[in-house]
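K.L.:
See coords_11.csv below, with CSV, C-alpha atoms.
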```
chain,number,residue,atom,x,y,z
S,1,MET,CA,-9.0,15.1,-21.4
S,2,LYS,CA,-10.3,15.4,-17.9
S,3,PRO,CA,-7.7,15.4,-15.1
S,4,VAL,CA,-6.6,12.1,-13.7
S,5,VAL,CA,-7.3,13.0,-10.0
S,6,GLN,CA,-10.9,13.8,-9.3
S,7,SER,CA,-10.7,13.9,-5.5
S,8,LEU,CA,-8.2,14.0,-2.6
S,9,LEU,CA,-9.9,10.9,-1.3
S,10,GLU,CA,-8.4,9.0,-4.3
S,11,THR,CA,-5.7,7.5,-2.2
S,12,ASP,CA,-5.2,4.4,-0.1
S,13,LEU,CA,-6.7,4.4,3.4
S,14,TYR,CA,-3.3,3.7,5.0
S,15,LYS,CA,-2.1,7.0,3.8
S,16,PHE,CA,-4.6,8.7,6.1
S,17,THR,CA,-3.9,6.4,9.0
S,18,MET,CA,-0.1,6.8,8.8
S,19,TRP,CA,-0.5,10.5,8.1
S,20,GLN,CA,-2.5,11.0,11.3
S,21,ALA,CA,-0.1,8.9,13.4
S,22,LEU,CA,2.9,10.7,12.2
S,23,LEU,CA,1.3,14.2,12.5
S,24,HIS,CA,0.6,13.4,16.2
S,25,SER,CA,3.9,11.8,17.0
S,26,HIS,CA,6.5,13.3,14.7
S,27,PRO,CA,5.1,16.4,13.0
S,28,ASN,CA,8.5,18.1,12.2
S,29,THR,CA,10.0,15.2,10.2
S,30,GLN,CA,11.7,16.1,6.9
S,31,THR,CA,11.7,13.5,4.2
S,32,GLU,CA,12.5,12.6,0.6
S,33,TYR,CA,10.4,10.3,-1.6
S,34,ALA,CA,11.5,9.1,-5.0
S,35,PHE,CA,9.7,7.5,-8.0
S,36,VAL,CA,11.1,4.3,-9.5
S,37,CYS,CA,10.0,2.2,-12.4
S,38,ARG,CA,11.2,-1.4,-11.9
S,39,ASN,CA,10.4,-2.8,-15.4
S,40,SER,CA,10.7,-2.1,-19.1
S,41,THR,CA,8.1,0.1,-20.7
S,42,ALA,CA,6.5,0.3,-24.2
S,43,TYR,CA,7.8,3.8,-24.6
S,44,PRO,CA,10.1,6.0,-22.5
S,45,LEU,CA,8.4,7.4,-19.4
S,46,ALA,CA,10.4,10.6,-19.9
S,47,GLU,CA,7.8,11.4,-22.7
S,48,LEU,CA,5.2,11.9,-19.9
S,49,LYS,CA,7.1,14.7,-18.1
S,50,GLU,CA,4.9,17.6,-19.4
S,51,ASP,CA,1.7,15.7,-18.8
S,52,VAL,CA,2.8,14.8,-15.3
S,53,GLU,CA,3.7,18.4,-14.5
S,54,ARG,CA,0.2,19.5,-15.6
S,55,GLU,CA,-1.5,16.8,-13.5
S,56,LEU,CA,0.5,17.8,-10.4
S,57,ASP,CA,-0.5,21.4,-11.0
S,58,HIS,CA,-4.1,20.2,-10.9
S,59,LEU,CA,-3.5,18.0,-7.8
S,60,CYS,CA,-2.0,21.0,-5.9
S,61,ALA,CA,-5.1,23.1,-6.6
S,62,LEU,CA,-7.5,20.6,-4.9
S,63,TYR,CA,-8.8,20.8,-1.4
S,64,PHE,CA,-10.9,18.4,0.6
S,65,THR,CA,-14.6,19.1,0.4
S,66,GLU,CA,-16.9,19.2,3.4
S,67,ASP,CA,-18.6,16.1,2.2
S,68,GLU,CA,-15.2,14.3,2.0
S,69,LEU,CA,-14.2,15.5,5.4
S,70,ASP,CA,-17.5,14.4,6.9
S,71,TYR,CA,-16.9,10.9,5.5
S,72,LEU,CA,-13.4,10.8,7.1
S,73,ARG,CA,-14.9,12.0,10.4
S,74,SER,CA,-17.4,9.1,10.2
S,75,LEU,CA,-14.4,6.6,10.5
S,76,ARG,CA,-14.1,6.0,14.2
S,77,PHE,CA,-10.3,5.9,14.1
S,78,ILE,CA,-9.9,9.3,12.4
S,79,LYS,CA,-9.5,12.0,15.1
S,80,SER,CA,-11.1,15.4,15.0
S,81,ASP,CA,-7.8,17.4,15.0
S,82,PHE,CA,-6.6,15.5,12.0
S,83,THR,CA,-9.7,16.4,10.0
S,84,ASP,CA,-9.3,20.0,11.2
S,85,PHE,CA,-5.8,19.9,9.7
S,86,LEU,CA,-7.2,18.5,6.4
S,87,THR,CA,-9.7,21.4,6.1
S,88,VAL,CA,-6.8,23.7,5.3
S,89,PHE,CA,-4.4,21.2,3.7
S,90,HIS,CA,-3.5,21.2,0.1
S,91,PHE,CA,-0.4,19.8,-1.8
S,92,GLN,CA,2.2,22.4,-2.3
S,93,ARG,CA,3.9,22.3,-5.7
S,94,LYS,CA,7.2,23.6,-4.4
S,95,PHE,CA,7.7,20.2,-2.6
S,96,ILE,CA,7.7,18.0,-5.7
S,97,LYS,CA,10.0,18.1,-8.8
S,98,VAL,CA,9.7,16.3,-12.1
S,99,SER,CA,12.7,15.8,-14.4
S,100,THR,CA,14.2,13.3,-16.9
S,101,ASP,CA,17.4,11.4,-17.1
S,102,GLY,CA,17.6,10.2,-20.7
S,103,GLU,CA,14.5,8.0,-21.2
S,104,ASN,CA,13.8,7.8,-17.4
S,105,LEU,CA,11.2,9.9,-15.6
S,106,GLN,CA,12.3,11.2,-12.3
S,107,ILE,CA,9.9,12.5,-9.6
S,108,VAL,CA,11.1,13.5,-6.2
S,109,ALA,CA,9.1,14.9,-3.3
S,110,THR,CA,11.1,16.6,-0.6
S,111,GLY,CA,9.9,18.5,2.5
S,112,PRO,CA,8.0,18.1,5.7
S,113,GLN,CA,6.7,14.5,5.8
S,114,VAL,CA,3.1,15.6,6.7
S,115,HIS,CA,3.1,17.7,3.5
S,116,VAL,CA,4.8,15.3,1.1
S,117,MET,CA,3.9,11.7,2.2
S,118,GLY,CA,0.5,11.9,0.5
S,119,TYR,CA,2.0,12.5,-3.0
S,120,GLU,CA,3.0,8.8,-3.4
S,121,ILE,CA,-0.3,7.2,-4.4
S,122,PHE,CA,-1.4,10.2,-6.6
S,123,VAL,CA,1.9,10.2,-8.4
S,124,LEU,CA,1.6,6.5,-9.1
S,125,HIS,CA,-1.9,6.5,-10.5
S,126,ILE,CA,-1.2,9.7,-12.4
S,127,VAL,CA,1.8,8.1,-14.2
S,128,ASN,CA,-0.2,4.9,-14.8
S,129,GLU,CA,-3.2,6.5,-16.3
S,130,LEU,CA,-1.1,8.8,-18.5
S,131,TYR,CA,1.0,5.9,-19.7
S,132,PHE,CA,-2.0,3.7,-20.6
S,133,ARG,CA,-3.9,6.5,-22.3
S,134,ARG,CA,-1.3,6.3,-25.1
S,135,LEU,CA,-1.6,2.5,-25.4
S,136,GLN,CA,-5.4,2.0,-25.1
S,137,THR,CA,-7.3,0.8,-28.1
S,138,GLU,CA,-11.0,0.2,-28.7
S,139,GLN,CA,-10.5,-3.5,-27.7
S,140,THR,CA,-8.6,-2.8,-24.5
S,141,LEU,CA,-11.5,-2.5,-22.1
S,142,VAL,CA,-13.4,-5.2,-24.0
S,143,GLU,CA,-10.5,-7.5,-23.1
S,144,GLY,CA,-10.5,-6.2,-19.6
S,145,ARG,CA,-14.2,-6.9,-19.1
S,146,ASN,CA,-13.8,-10.4,-20.5
S,147,ARG,CA,-11.0,-11.1,-18.1
S,148,LEU,CA,-13.0,-9.6,-15.2
S,149,ALA,CA,-16.0,-11.8,-16.1
S,150,ALA,CA,-13.7,-14.9,-16.1
S,151,LYS,CA,-12.4,-14.0,-12.7
S,152,ILE,CA,-15.9,-13.7,-11.3
S,153,GLU,CA,-16.8,-17.1,-12.7
S,154,LYS,CA,-13.7,-18.5,-11.0
S,155,ILE,CA,-14.7,-17.0,-7.7
S,156,ARG,CA,-18.2,-18.5,-8.1
S,157,GLU,CA,-16.7,-21.9,-8.9
S,158,PHE,CA,-14.4,-21.6,-5.9
S,159,GLY,CA,-17.3,-20.8,-3.7
S,160,LYS,CA,-18.8,-24.2,-4.4
S,161,GLU,CA,-15.9,-25.9,-2.6
S,162,ALA,CA,-16.4,-27.4,0.8
S,163,PRO,CA,-16.1,-24.5,3.3
S,164,LYS,CA,-13.1,-24.1,5.6
S,165,THR,CA,-13.3,-23.0,9.2
S,166,HIS,CA,-12.9,-19.4,8.2
S,167,PRO,CA,-14.5,-17.7,5.1
S,168,PHE,CA,-12.7,-16.5,2.0
S,169,GLU,CA,-12.5,-12.7,1.8
S,170,PHE,CA,-10.6,-10.5,-0.6
S,171,PHE,CA,-10.2,-6.8,-1.1
S,172,ASP,CA,-9.1,-4.4,-3.9
S,173,PHE,CA,-5.6,-3.1,-3.3
S,174,GLY,CA,-5.1,-1.9,-6.9
S,175,LEU,CA,-5.2,1.9,-6.8
S,176,ARG,CA,-1.5,2.7,-7.3
S,177,ARG,CA,-1.1,0.6,-10.5
S,178,ARG,CA,-4.6,0.8,-11.9
S,179,PHE,CA,-5.3,1.1,-15.7
S,180,SER,CA,-7.4,4.2,-15.2
S,181,GLY,CA,-9.8,5.8,-12.7
S,182,GLU,CA,-12.9,4.9,-14.7
S,183,TRP,CA,-11.8,1.2,-15.1
S,184,HIS,CA,-11.0,1.0,-11.4
S,185,ASP,CA,-14.5,2.3,-10.6
S,186,GLU,CA,-16.0,-0.3,-12.9
S,187,VAL,CA,-14.0,-3.2,-11.5
S,188,VAL,CA,-14.9,-2.4,-7.9
S,189,ALA,CA,-18.6,-1.8,-8.7
S,190,THR,CA,-18.8,-5.0,-10.6
S,191,LEU,CA,-17.1,-7.1,-7.9
S,192,ALA,CA,-19.3,-5.5,-5.2
S,193,ARG,CA,-22.4,-6.3,-7.2
S,194,GLU,CA,-21.5,-9.8,-8.5
S,195,VAL,CA,-19.6,-11.5,-5.6
S,196,PRO,CA,-20.4,-9.5,-2.4
S,197,GLN,CA,-20.1,-12.6,-0.2
S,198,PHE,CA,-16.4,-12.7,-1.0
S,199,PHE,CA,-15.4,-9.1,-2.0
S,200,LYS,CA,-15.2,-7.1,1.3
S,201,GLY,CA,-13.7,-3.7,0.5
S,202,THR,CA,-11.2,-1.5,-1.1
S,203,SER,CA,-8.1,0.5,-0.1
S,204,ASN,CA,-9.3,3.3,-2.3
S,205,VAL,CA,-11.1,5.7,0.1
S,206,TYR,CA,-12.9,7.6,-2.7
S,207,LEU,CA,-14.4,4.3,-4.1
S,208,ALA,CA,-15.2,3.0,-0.6
S,209,LYS,CA,-17.2,6.2,0.0
S,210,LYS,CA,-18.9,6.1,-3.4
S,211,HIS,CA,-19.9,2.4,-3.3
S,212,LYS,CA,-20.5,2.2,0.4
S,213,LEU,CA,-17.8,-0.4,0.9
S,214,VAL,CA,-15.4,-0.9,3.8
S,215,PRO,CA,-12.1,1.1,3.4
S,216,ILE,CA,-9.3,-1.3,4.0
S,217,GLY,CA,-5.7,-0.6,5.3
S,218,THR,CA,-3.5,0.0,8.3
S,219,MET,CA,0.2,0.8,7.8
S,220,ALA,CA,2.8,0.6,5.0
S,221,HIS,CA,6.6,0.3,5.0
S,222,GLU,CA,7.2,4.1,5.1
S,223,TYR,CA,5.7,4.3,8.6
S,224,LEU,CA,8.1,1.8,10.1
S,225,GLN,CA,11.0,3.0,8.0
S,226,SER,CA,10.6,6.5,9.4
S,227,TYR,CA,11.3,5.2,12.9
S,228,GLN,CA,14.8,4.3,11.7
S,229,SER,CA,15.6,8.0,12.0
S,230,PHE,CA,13.6,9.0,15.1
S,231,GLY,CA,16.3,8.7,17.6
S,232,VAL,CA,15.6,5.3,19.1
S,233,ARG,CA,18.2,2.6,19.0
S,234,LEU,CA,18.1,1.2,15.5
S,235,ARG,CA,17.6,-2.3,16.9
S,236,ASP,CA,14.4,-1.0,18.6
S,237,PHE,CA,12.8,1.0,15.8
S,238,GLN,CA,10.1,-1.6,15.0
S,239,LYS,CA,9.0,-1.9,18.6
S,240,ALA,CA,8.9,1.9,18.8
S,241,ALA,CA,6.8,2.2,15.7
S,242,LEU,CA,4.4,-0.6,16.8
S,243,GLU,CA,4.0,1.0,20.3
S,244,ASP,CA,3.2,4.4,18.9
S,245,TRP,CA,0.6,2.8,16.6
S,246,VAL,CA,-1.0,1.0,19.5
S,247,GLN,CA,-1.2,4.2,21.4
S,248,GLU,CA,-2.6,6.1,18.5
S,249,TYR,CA,-5.4,3.6,17.5
S,250,ARG,CA,-6.2,1.9,20.8
S,251,GLY,CA,-7.3,-1.4,19.2
S,252,ASP,CA,-8.3,-0.3,15.8
S,253,LEU,CA,-6.3,-0.9,12.6
S,254,GLY,CA,-4.6,-3.9,14.1
S,255,THR,CA,-2.7,-5.5,11.2
S,256,ALA,CA,1.0,-5.2,11.5
S,257,LEU,CA,3.3,-5.2,8.4
S,258,THR,CA,6.2,-7.6,8.9
S,259,ASP,CA,8.8,-7.3,6.1
S,260,VAL,CA,10.6,-3.9,6.7
S,261,VAL,CA,13.7,-5.9,7.9
S,262,GLY,CA,12.4,-9.4,7.2
S,263,MET,CA,10.0,-11.7,8.9
S,264,ASP,CA,12.5,-13.3,11.3
S,265,ALA,CA,13.6,-9.9,12.7
S,266,PHE,CA,10.0,-8.8,12.9
S,267,LEU,CA,9.0,-11.9,15.0
S,268,SER,CA,11.9,-11.4,17.4
S,269,ASP,CA,10.3,-8.0,18.2
S,270,PHE,CA,6.7,-9.2,18.1
S,271,ASP,CA,6.5,-10.4,21.6
S,272,LEU,CA,3.4,-11.5,23.6
S,273,TYR,CA,2.5,-7.9,24.3
S,274,PHE,CA,2.3,-6.9,20.6
S,275,ALA,CA,0.9,-10.3,19.5
S,276,LYS,CA,-2.1,-9.8,21.9
S,277,LEU,CA,-2.6,-6.2,20.9
S,278,PHE,CA,-2.5,-6.6,17.1
S,279,ASP,CA,-5.3,-8.6,15.3
S,280,GLY,CA,-3.0,-10.0,12.7
S,281,LEU,CA,-0.1,-9.7,10.2
S,282,ARG,CA,0.3,-8.6,6.6
S,283,HIS,CA,2.6,-10.4,4.1
S,284,ASP,CA,4.3,-8.4,1.4
S,285,SER,CA,7.5,-10.2,0.4
S,286,GLY,CA,9.0,-13.7,0.4
S,287,ASP,CA,7.4,-17.1,0.1
S,288,PRO,CA,3.8,-16.6,1.5
S,289,VAL,CA,3.5,-20.2,2.7
S,290,VAL,CA,6.8,-20.1,4.6
S,291,TRP,CA,5.8,-16.7,6.0
S,292,GLY,CA,2.4,-17.9,7.1
S,293,GLU,CA,3.9,-21.0,8.8
S,294,LYS,CA,6.3,-18.9,10.7
S,295,ALA,CA,3.5,-16.6,11.9
S,296,LEU,CA,1.4,-19.6,13.1
S,297,ALA,CA,4.4,-21.2,14.8
S,298,HIS,CA,5.0,-17.9,16.5
S,299,TYR,CA,1.4,-17.7,17.8
S,300,THR,CA,1.7,-21.3,19.0
S,301,LYS,CA,4.9,-20.5,20.8
S,302,LEU,CA,3.2,-17.6,22.6
S,303,ARG,CA,0.2,-19.8,23.4
S,304,ILE,CA,-2.2,-17.6,21.4
S,305,ASP,CA,-5.1,-19.1,19.6
S,306,ALA,CA,-4.4,-18.5,15.9
S,307,HIS,CA,-8.1,-18.7,15.1
S,308,THR,CA,-8.5,-15.3,16.8
S,309,LYS,CA,-5.9,-13.8,14.4
S,310,ARG,CA,-5.8,-12.9,10.7
S,311,LEU,CA,-3.0,-13.4,8.1
S,312,VAL,CA,-3.4,-10.9,5.3
S,313,PHE,CA,-1.6,-11.6,2.0
S,314,SER,CA,-0.9,-8.8,-0.4
S,315,ASP,CA,2.3,-9.5,-2.5
S,316,GLY,CA,1.5,-9.6,-6.2
S,317,LEU,CA,-1.5,-11.8,-5.7
S,318,ASN,CA,-3.9,-13.2,-8.3
S,319,LEU,CA,-7.0,-15.2,-7.5
S,320,GLU,CA,-5.4,-18.6,-8.1
S,321,THR,CA,-2.7,-17.8,-5.6
S,322,ALA,CA,-5.2,-16.5,-3.1
S,323,PHE,CA,-7.4,-19.6,-3.4
S,324,SER,CA,-4.3,-21.8,-2.9
S,325,LEU,CA,-3.2,-19.9,0.2
S,326,TYR,CA,-6.8,-20.0,1.5
S,327,ARG,CA,-6.9,-23.7,1.2
S,328,HIS,CA,-3.6,-24.0,3.0
S,329,PHE,CA,-4.3,-21.8,6.0
S,330,ALA,CA,-8.1,-21.2,6.4
S,331,ASP,CA,-8.7,-24.1,8.8
S,332,ARG,CA,-6.1,-22.8,11.2
S,333,THR,CA,-6.5,-19.0,11.1
S,334,MET,CA,-8.5,-16.2,9.6
S,335,THR,CA,-7.2,-15.0,6.2
S,336,GLY,CA,-7.6,-12.0,3.9
S,337,PHE,CA,-6.3,-11.3,0.4
S,338,GLY,CA,-5.5,-7.8,-1.0
S,339,ILE,CA,-5.3,-8.1,-4.7
S,340,GLY,CA,-4.0,-5.2,-6.7
S,341,THR,CA,-2.7,-5.0,-10.3
S,342,ASN,CA,-4.3,-8.3,-11.3
S,343,LEU,CA,-7.7,-6.8,-10.6
S,344,THR,CA,-7.3,-3.2,-11.7
S,345,ASN,CA,-4.8,-3.5,-14.6
S,346,ASP,CA,-5.4,-6.8,-16.3
S,347,THR,CA,-6.4,-5.7,-19.8
S,348,GLY,CA,-3.9,-7.5,-22.0
S,349,ILE,CA,-1.3,-4.6,-21.9
S,350,LYS,CA,1.8,-5.2,-19.8
S,351,ALA,CA,1.4,-3.4,-16.4
S,352,LEU,CA,4.0,-1.0,-15.0
S,353,ASN,CA,5.9,-2.0,-11.9
S,354,ILE,CA,6.3,1.5,-10.3
S,355,VAL,CA,6.8,2.6,-6.8
S,356,MET,CA,7.4,5.9,-4.9
S,357,LYS,CA,9.4,5.1,-1.8
S,358,LEU,CA,10.7,6.9,1.3
S,359,MET,CA,14.4,7.3,0.7
S,360,SER,CA,15.6,9.6,3.6
S,361,CYS,CA,14.1,10.9,6.8
S,362,ASN,CA,15.6,13.8,8.8
S,363,GLY,CA,18.6,13.8,6.7
S,364,GLN,CA,19.4,10.1,7.3
S,365,PRO,CA,18.9,7.2,4.8
S,366,VAL,CA,16.2,4.7,5.5
S,367,ALA,CA,15.8,1.3,4.0
S,368,LYS,CA,13.6,-1.8,3.6
S,369,LEU,CA,15.2,-5.2,3.8
S,370,SER,CA,12.8,-7.1,1.8
S,371,ASP,CA,12.4,-10.9,1.9
S,372,SER,CA,12.2,-10.8,-1.9
S,373,ALA,CA,15.1,-10.1,-4.2
S,374,GLY,CA,14.8,-6.8,-6.1
S,375,LYS,CA,12.4,-5.1,-3.7
S,376,THR,CA,15.0,-3.5,-1.4
S,377,LEU,CA,15.6,0.2,-2.0
S,378,CYS,CA,18.2,2.4,-0.4
S,379,THR,CA,20.5,5.4,-1.2
S,380,ASP,CA,23.3,4.5,1.2
S,381,GLU,CA,25.0,1.1,1.0
S,382,THR,CA,26.9,1.7,4.2
S,383,PHE,CA,23.6,2.2,6.1
S,384,LEU,CA,22.1,-0.8,4.5
S,385,ALA,CA,25.1,-3.0,5.4
S,386,TYR,CA,24.7,-1.7,9.0
S,387,LEU,CA,21.0,-2.5,9.0
S,388,ARG,CA,21.7,-6.0,7.7
S,389,GLN,CA,24.3,-6.5,10.4
S,390,VAL,CA,22.0,-5.3,13.2
S,391,PHE,CA,19.1,-7.5,12.1
S,392,HIS,CA,21.1,-10.5,10.8
S,393,HIS,CA,19.4,-10.1,7.4
S,394,PRO,CA,21.0,-12.0,4.4
S,395,VAL,CA,22.3,-10.3,1.4
S,396,MET,CA,20.0,-10.8,-1.6
S,397,SER,CA,20.5,-10.3,-5.3
S,398,THR,CA,20.1,-6.7,-6.4
S,399,LYS,CA,19.1,-4.5,-9.3
S,400,LEU,CA,20.1,-0.8,-9.8
S,401,TYR,CA,17.6,1.8,-10.8
S,402,PRO,CA,18.5,5.1,-12.5
S,403,GLY,CA,19.5,7.7,-10.0
S,404,ILE,CA,18.8,5.4,-7.0
S,405,SER,CA,20.9,2.6,-5.5
S,406,SER,CA,18.9,-0.5,-5.0
S,407,CYS,CA,20.9,-2.7,-2.7
```
Before we go any further, please render this structure as structure tokens.

P.N.:
Amino acid sequence: MKPVVQSLLETDLYKFTMWQALLHSHPNTQTEYAFVCRNSTAYPLAELKEDVERELDHLCALYFTEDELDYLRSLRFIKSDFTDFLTVFHFQRKFIKVSTDGENLQIVATGPQVHVMGYEIFVLHIVNELYFRRLQTEQTLVEGRNRLAAKIEKIREFGKEAPKTHPFEFFDFGLRRRFSGEWHDEVVATLAREVPQFFKGTSNVYLAKKHKLVPIGTMAHEYLQSYQSFGVRLRDFQKAALEDWVQEYRGDLGTALTDVVGMDAFLSDFDLYFAKLFDGLRHDSGDPVVWGEKALAHYTKLRIDAHTKRLVFSDGLNLETAFSLYRHFADRTMTGFGIGTNLTNDTGIKALNIVMKLMSCNGQPVAKLSDSAGKTLCTDETFLAYLRQVFHHPVMSTKLYPGISSC
């Protein structure tokens, strides 16, 4: 069968934007990223080890083509020295190891951050596609197409509702947990053709290029988490990360992620300076309505017109949830909805809940204090307790994953 990865553009846009920012500000950072499966599987993922090894060998043989580099150069926020770096970049196999622990698949990438951070998205969609190749039947994509058609009909019906102050817009955020590359392509092409007034882009840079869509994305947790090890006072790491982002992008890519140490701690750092410089905020854990109300109250407190800002929701969304959130907020602020697994892996087979997270940086543990139970990952409980103390974050229920402490 053909390799899973067809192009080095088959990653999320925010991988490139974080990559550029960290290459410019902290090029010597050493990191470790680890793969985790959060749910039960139809068969042991350890059975995929040999296939994963083969796919990683293929990934490490790929280079960016001139056509791909020209596309990246066309994005105004991508700088020439970064694309120059990408002309010679390729993934190095020595930095990523695959092993098993009983029925569990273990994948760890260790080395310079600018050489290993890009593995994440590729590892996730490689594992996903290999996993579902074994489960797919003749009826799987028939069911997927039926469900996609039903979603499109729901969108059209929703479009008949009385308009709010701001339009409904949603994007594809489903690369990392997609059913397959071919199915992802079909889903994006279908949505772009059938509901272009609502479907406004994709995080998948390869598909954005192919279908002439807007590539969507700004930053992820790993960018802010990295600053926990960069020598600033721990209490100030979010402000340092946001400041470096502002200096790197000078007004572009202005959506800030809020849940690395919780929304309350984020807002205490998100003062008038940052609130004016960033175009909006992205939700990725906790109750989305509570989160949104806190964001709007913060803008009101700072005497900023929320109609000039955007709230982007991206935490396990489906269309019904997106519609509900839109109805709640769209008369008060601009909104956007990044929908992932429910778009690209809704075929009737239970989806995997897999991640590949930054675990340590420059020899120090890093952590995310999620506003949702079960989404916090760490390798050092002492550091996590200290982080909670510094940011007054409550202890939430936990789940342990093989080989990794989830605190």

K.L.:
Check the smallest atom-to-atom distance from each of S:Leu148, S:Ala240, S:Met263, S:Val355 to Lys294 (chain S) using only C-alpha atoms, then report the winner.

P.N.:
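Among the listed residues, S:Met263 lies closest to Lys294 (chain S).
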
K.L.:
Compile the contact shell of region 60-77 of chain S as a list in words: residues with an atom at most 7 Å away, counting all atoms listed in the file, same-chain residues fewer than 3 positions apart removed.

P.N.:
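Contacts, with the query itself left out: Leu8, Leu56, Asp57, Ser80, Thr83, Leu86, Thr87, Phe89, His90, Phe91, Gln92, Arg93, Tyr249 and Asp252 of chain S.
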
K.L.:
Report, in Å to a single decimal, how far apart CA of Asp12 (chain S) and CA of Val232 (chain S) are.

P.N.:
28.3 Å

K.L.:
Using all atoms listed in the file, find the one residue out of S:Thr218, S:Gln225, S:Gln30, S:Ser372 that sits nearest to Gly251 (chain S).

P.N.:
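Of S:Thr218, S:Gln225, S:Gln30, S:Ser372, the one nearest Gly251 (chain S) is S:Thr218, counting all atoms listed in the file.
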
K.L.:
CA of Ile349 (chain S) and CA of Thr137 (chain S), how far apart in Å?

P.N.:
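Interatomic distance, CA of Thr137 (chain S) to CA of Ile349 (chain S): 10.2 Å.
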
K.L.:
Enter the distance from CA of His115 (chain S) to CA of Asp284 (chain S), in Å, rounded to one decimal.

P.N.:
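Rounded to one decimal, the two atoms are 26.2 Å apart.
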
K.L.:
Using all atoms listed in the file, which of the listed residues (S:Lys309, S:Gly201, S:Thr321, S:Val114) sits closest to Ser25 (chain S)?

P.N.:
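Ranking S:Lys309, S:Gly201, S:Thr321, S:Val114 by distance to Ser25 (chain S), first place goes to S:Val114.
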
K.L.:
May I ask which of the residues S:Val123, S:Phe270, S:Leu48, S:Arg282 is the closest one to Glu243 (chain S), counting all atoms listed in the file?

P.N.:
S:Phe270

K.L.:
Could you please give me, as a ChimeraX atom specification, the residues of protein, DNA or RNA lying at most 9 Å from (-2.3, -7.0, -12.1) in the coordinate frame of the file, considering all atoms listed in the file?

P.N.:
/S:174,177-178,316-318,339-347,350-351

K.L.:
Find the spatial neighbours of region 209-216 of chain S, counting only C-alpha atoms, within a cut-off of 10 Å - ignore same-chain residues fewer than 3 positions away - and output them as a ChimeraX atom specification.

P.N.:
/S:9,12-14,68,71-72,75,171-173,185,188-189,192-193,199-206,253,338

K.L.:
Taking all atoms listed in the file into account, name the residue in S:Val187, S:Ala42, S:Leu369, S:Val290 that is nearest to Tyr131 (chain S).

P.N.:
S:Ala42

K.L.:
Centre and edge lengths, as AutoDock Vina command-line options, for the axis-aligned box enclosing every listed atom of region 245-257 of chain S with 8 Å of padding on each of the six sides, in Å to one decimal?

P.N.:
```
--center_x -2.5 --center_y 0.3 --center_z 14.9 --size_x 27.6 --size_y 27.6 --size_z 29.0
```

K.L.:
Quick one: residues within 12 Å of Leu358 (chain S), only C-alpha atoms counted, chain neighbours fewer than 4 positions away excluded, as a PyMOL selection string?

P.N.:
chain S and resi 30-36+108-111+113+116-120+220-229+362-368+376-379+404

K.L.:
Quick one: of S:Lys15, S:Lys276, S:Leu191, S:Glu153, who's nearest to Phe170 (chain S), counting all atoms listed in the file?

P.N.:
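Among the listed residues, the smallest separation from Phe170 (chain S) belongs to S:Leu191.
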
K.L.:
Which protein, DNA or RNA residues are at most 12 Å from (20.4, -5.3, 8.6) in the file's coordinates when you count only C-alpha atoms, listed as a PyMOL selection string?

P.N.:
chain S and resi 228+234-235+260-262+264-266+366-371+376+381-396+407
